[in-house]
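Q: This is the content of run33.cif (mmCIF, C-alpha atoms (C1' of nucleotides)):
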```
data_work
loop_
_atom_site.label_atom_id
_atom_site.label_comp_id
_atom_site.auth_asym_id
_atom_site.auth_seq_id
_atom_site.Cartn_x
_atom_site.Cartn_y
_atom_site.Cartn_z
CA MET A 92 68.34 5.77 -70.15
CA ASN A 93 65.79 3.54 -71.79
CA PHE A 94 66.26 3.68 -75.54
CA TYR A 95 62.78 2.22 -76.05
CA ALA A 96 61.16 5.14 -74.23
CA LEU A 97 61.89 7.36 -77.23
CA ASP A 98 59.03 7.98 -79.64
CA ALA A 99 58.07 5.23 -82.07
CA VAL A 100 59.25 7.05 -85.19
CA THR A 101 62.73 7.60 -83.76
CA VAL A 102 62.98 4.04 -82.47
CA ALA A 103 61.77 2.66 -85.81
CA GLN A 104 64.60 4.53 -87.55
CA GLN A 105 67.22 3.63 -84.93
CA LEU A 106 66.34 -0.07 -84.91
CA LEU A 107 67.42 -0.44 -88.52
CA GLY A 108 70.74 -2.26 -88.66
CA LYS A 109 70.47 -3.51 -85.08
CA GLU A 110 70.22 -7.23 -84.44
CA ILE A 111 67.39 -9.28 -83.04
CA VAL A 112 68.87 -12.13 -81.03
CA ARG A 113 66.75 -15.24 -80.61
CA ARG A 114 67.70 -18.04 -78.23
CA TRP A 115 65.90 -21.26 -79.10
CA ASP A 116 64.66 -23.89 -76.69
CA ASN A 117 67.71 -26.05 -77.42
CA GLY A 118 70.05 -23.23 -76.40
CA SER A 119 71.35 -22.28 -79.82
CA VAL A 120 71.24 -18.63 -80.83
CA SER A 121 70.32 -16.89 -84.10
CA ARG A 122 70.93 -13.25 -84.98
CA TYR A 123 68.95 -11.22 -87.48
CA VAL A 124 69.63 -7.70 -88.74
CA ILE A 125 66.51 -5.56 -88.68
CA SER A 126 65.90 -4.39 -92.24
CA GLU A 127 62.41 -2.90 -92.25
CA THR A 128 60.20 -1.27 -89.60
CA GLU A 129 56.97 0.68 -89.24
CA ALA A 130 55.92 3.14 -86.52
CA TYR A 131 52.49 3.30 -84.87
CA PHE A 132 51.99 6.33 -82.73
CA GLY A 133 49.38 6.76 -80.03
CA GLU A 134 45.60 6.67 -79.77
CA ASP A 135 45.24 9.50 -82.27
CA ASP A 136 46.93 7.40 -84.96
CA LYS A 137 43.94 5.71 -86.57
CA ALA A 138 46.20 3.00 -87.96
CA CYS A 139 47.43 2.08 -84.49
CA HIS A 140 45.57 -0.71 -82.72
CA ALA A 141 45.45 1.48 -79.61
CA SER A 142 43.28 3.99 -81.47
CA LYS A 143 40.32 1.99 -80.14
CA GLY A 144 41.53 2.56 -76.60
CA LYS A 145 43.00 0.29 -73.96
CA THR A 146 41.82 -3.30 -74.26
CA LEU A 147 43.19 -6.67 -73.21
CA ARG A 148 44.96 -6.85 -76.56
CA THR A 149 46.50 -3.38 -76.58
CA GLU A 150 47.26 -2.81 -72.92
CA ILE A 151 50.95 -3.73 -73.25
CA MET A 152 51.40 -0.69 -75.49
CA TYR A 153 50.51 1.49 -72.51
CA SER A 154 53.63 0.36 -70.70
CA GLU A 155 56.91 2.21 -70.95
CA GLY A 156 58.87 1.12 -74.05
CA GLY A 157 60.85 -2.11 -74.02
CA TYR A 158 58.22 -4.85 -74.20
CA VAL A 159 57.15 -7.18 -76.99
CA TYR A 160 53.67 -6.72 -78.44
CA VAL A 161 52.57 -9.68 -80.55
CA TYR A 162 49.17 -10.28 -82.09
CA LEU A 163 47.67 -12.79 -84.47
CA ILE A 164 46.63 -11.55 -87.90
CA TYR A 165 44.45 -13.39 -90.42
CA GLY A 166 44.31 -16.30 -88.03
CA MET A 167 47.83 -17.46 -88.80
CA TYR A 168 50.64 -14.93 -88.52
CA TRP A 169 52.17 -13.55 -85.33
CA MET A 170 53.28 -9.97 -85.84
CA LEU A 171 56.30 -8.76 -83.87
CA ASN A 172 56.17 -5.26 -82.41
CA VAL A 173 58.39 -3.38 -79.98
CA VAL A 174 56.56 -1.17 -77.50
CA THR A 175 58.07 2.33 -77.34
CA GLY A 176 57.42 5.67 -75.71
CA GLU A 177 56.48 6.77 -72.24
CA LYS A 178 54.11 4.96 -69.91
CA ASN A 179 50.44 5.56 -70.80
CA HIS A 180 51.26 6.72 -74.31
CA PRO A 181 50.65 3.70 -76.58
CA GLU A 182 53.26 3.42 -79.32
CA ALA A 183 54.87 0.49 -81.09
CA VAL A 184 57.26 -0.37 -83.89
CA LEU A 185 56.31 -3.23 -86.19
CA ILE A 186 59.26 -5.34 -87.37
CA ARG A 187 58.51 -5.95 -91.04
CA GLY A 188 61.86 -7.34 -92.17
CA ILE A 189 64.92 -9.16 -90.80
CA ASN A 190 67.93 -10.00 -92.97
CA ASP A 191 66.47 -10.68 -96.40
CA ILE A 192 63.17 -11.90 -94.97
CA VAL A 193 60.71 -9.12 -95.75
CA GLY A 194 57.10 -9.36 -94.61
CA SER A 195 55.88 -9.11 -91.06
CA GLY A 196 54.12 -12.48 -91.24
CA LYS A 197 57.29 -14.22 -92.38
CA VAL A 198 59.28 -12.56 -89.59
CA GLY A 199 56.96 -13.98 -86.95
CA ARG A 200 57.14 -17.41 -88.52
CA GLU A 201 60.95 -17.34 -88.78
CA LEU A 202 61.27 -16.34 -85.12
CA LYS A 203 58.66 -18.95 -84.12
CA LEU A 204 56.62 -16.42 -82.17
CA ASP A 205 53.36 -17.17 -80.43
CA LYS A 206 51.04 -15.74 -77.82
CA SER A 207 53.52 -16.49 -75.03
CA PHE A 208 55.75 -13.67 -76.27
CA TYR A 209 53.10 -11.06 -75.49
CA GLY A 210 54.58 -8.73 -72.86
CA GLU A 211 58.08 -10.27 -72.97
CA SER A 212 60.68 -7.74 -71.78
CA LEU A 213 63.40 -7.04 -74.33
CA ILE A 214 65.57 -5.83 -71.47
CA SER A 215 65.52 -9.05 -69.43
CA SER A 216 64.27 -11.84 -71.70
CA SER A 217 66.50 -14.85 -72.24
CA ARG A 218 64.89 -15.87 -75.53
CA ILE A 219 64.53 -12.65 -77.51
CA TRP A 220 66.31 -9.30 -77.29
CA ILE A 221 67.97 -6.65 -79.44
CA GLU A 222 71.66 -5.70 -79.64
CA ASN A 223 73.63 -3.07 -81.49
CA SER A 224 75.32 -4.50 -84.53
CA LEU A 225 79.06 -5.05 -84.23
CA ASP A 226 79.69 -3.52 -87.60
CA SER A 227 79.11 0.18 -87.26
CA HIS A 228 78.53 1.24 -90.84
CA PRO A 229 76.45 4.39 -91.12
CA ILE A 230 72.82 3.44 -91.53
CA LYS A 231 71.04 4.52 -94.68
CA TYR A 232 67.31 4.11 -95.12
CA VAL A 233 64.36 5.33 -97.12
CA SER A 234 60.86 6.15 -95.91
CA ALA A 235 57.55 5.03 -97.36
CA PRO A 236 53.86 4.97 -96.44
CA ARG A 237 52.78 2.18 -94.12
CA VAL A 238 51.27 -1.00 -95.49
CA GLY A 239 47.66 -2.17 -95.15
CA VAL A 240 46.29 0.90 -93.39
CA ASP A 241 44.06 2.41 -96.08
CA TYR A 242 41.20 2.44 -93.60
CA ALA A 243 43.03 4.94 -91.37
CA GLY A 244 41.93 8.01 -93.32
CA GLU A 245 43.80 10.73 -95.22
CA LYS A 246 45.82 12.10 -92.35
CA TRP A 247 47.24 8.83 -91.08
CA ARG A 248 47.46 6.47 -94.01
CA ASN A 249 49.93 8.73 -95.82
CA LYS A 250 52.39 9.14 -92.98
CA PRO A 251 55.85 8.06 -94.22
CA TRP A 252 56.43 5.92 -91.17
CA ARG A 253 57.74 2.81 -92.87
CA PHE A 254 61.51 2.63 -92.88
CA ILE A 255 63.59 0.41 -95.15
CA LEU A 256 67.30 -0.25 -94.66
CA GLN A 257 69.46 0.47 -97.70
CA ARG A 258 72.60 -1.55 -98.18
"C1'" DT B 232 26.12 -15.68 -78.53
"C1'" DG B 233 27.25 -14.52 -83.17
"C1'" DC B 234 29.70 -12.32 -86.90
"C1'" DA B 235 32.70 -9.73 -89.99
"C1'" DC B 236 37.24 -8.59 -90.54
"C1'" DG B 237 42.32 -7.81 -90.26
"C1'" DA B 238 49.51 -3.91 -89.70
"C1'" DT B 239 49.42 -11.51 -94.44
"C1'" DC B 240 51.25 -15.11 -97.37
"C1'" DT B 241 51.10 -18.92 -100.61
"C1'" DC B 242 49.41 -21.34 -104.16
"C1'" DG B 243 47.08 -21.90 -108.64
"C1'" DG C 76 42.39 -14.21 -107.64
"C1'" DA C 77 41.00 -16.97 -103.78
"C1'" DG C 78 41.68 -19.68 -99.64
"C1'" DA C 79 43.67 -20.66 -95.08
"C1'" DT C 80 42.28 -19.72 -90.23
"C1'" DC C 81 41.10 -17.37 -85.55
"C1'" DG C 82 41.28 -13.69 -81.85
"C1'" DT C 83 39.12 -9.43 -81.24
"C1'" DG C 84 35.65 -5.80 -80.98
"C1'" DC C 85 31.18 -4.66 -81.58
"C1'" DA C 86 26.51 -5.77 -82.72
"C1'" DT C 87 22.65 -8.68 -81.25
#
```
Written as structure tokens, how would this file's structure read?
A:
Amino acid sequence: MNFYALDAVTVAQQLLGKEIVRRWDNGSVSRYVISETEAYFGEDDKACHASKGKTLRTEIMYSEGGYVYVYLIYGMYWMLNVVTGEKNHPEAVLIRGINDIVGSGKVGRELKLDKSFYGESLISSSRIWIENSLDSHPIKYVSAPRVGVDYAGEKWRNKPWRFILQR
DNA sequence: TGCACGATCTCG
DNA sequence: GAGATCGTGCAT
């Protein structure tokens, strides 16, 4: 089955400890352990970009899980998200931290993301995908409110949908 | 056609 | 504490 078709909160938790694999243009490969994630869940979630409906920018989130959703923030940082959930239910998981690099803007910069990654399939891409970590330690994490979503209103801004790997 | 703003970071 | 920097959505 498609792991990414699970709901965003579950995927956000399960991604912790897995590895993002990035193959560069010169053929070399880097691996990064996912250390912090955030879940965005559907049009009802006022903090989710899809809360404004389906647009050119958000339409990838309406696909079945397994695609990359990237967008530019503050004119300079590419944010990396993993589309999750069933087709026509827009959900995504924001990758906030990899290894000891914490901060979604820094993640995008480290991975050298750009607009061309929009819609990339994590199942079949040859330059970015996710693998289970070889070391199978039990994963421990803590939850916290999401960052930068004060505008989303009482109900949504307090959701503990930010997940931080504990080591 | 224009404008305000954002799931941010760095520097001073 | 402010500046960098630009695509997007919504108002004009």
Q: Using all atoms listed in the file, which residues sit within 10 Å of DT83 in chain C once same-chain residues fewer than 4 positions away are excluded, as a list in words?
A: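 Within the cut-off, the hits are Thr146, Leu147, Arg148 and Leu163 of chain A; DC236 and DG237 of chain B.
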Q: Excluding same-chain residues fewer than 4 positions from DA86 in chain C, what lies within 12 Å of it counting all atoms listed in the file, as a list in words?
A: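 Neighbouring residues, sequence-local ones excluded: DT232, DG233, DC234 and DA235 of chain B.
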Q: When the PyMOL selection byres ((chain A) within 9 of (chain C)) is applied to the structure above, which residues does it catch, written out as a list in words?
A: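 Evaluating the PyMOL selection byres ((chain A) within 9 of (chain C)) on these coordinates yields Arg148, Tyr162, Leu163, Ile164, Tyr165, Gly166 and Met167 of chain A.
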Q: Using the chain letters and numbers from the file, give me the residues hit by the PyMOL selection byres ((chain B) within 8 of (chain A)), as a PDB file with C-alpha atoms (C1' of nucleotides), in the frame of the given file.
A:
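Output contents, as saved in selection-v1.pdb:
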```pdb
ATOM      1  C1'  DG B 237      42.320  -7.810 -90.260  1.00  0.00           C
ATOM      2  C1'  DA B 238      49.510  -3.910 -89.700  1.00  0.00           C
ATOM      3  C1'  DT B 239      49.420 -11.510 -94.440  1.00  0.00           C
ATOM      4  C1'  DC B 240      51.250 -15.110 -97.370  1.00  0.00           C
TER       5       DC B 240
END
```
Q: Do you have the CA of Ser224 in chain A-CA of Ile125 in chain A distance handy?
A: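 Spanning CA of Ser224 in chain A to CA of Ile125 in chain A is a straight-line distance of 9.8 Å.
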Q: May I have the protein, DNA and RNA residues with an atom at most 8 Å from (68.4, -15.1, -78.5), counting only C-alpha atoms (C1' of nucleotides) in the file's coordinates, returned as a PyMOL selection string?
A: chain A and resi 111-115+119-122+217-220
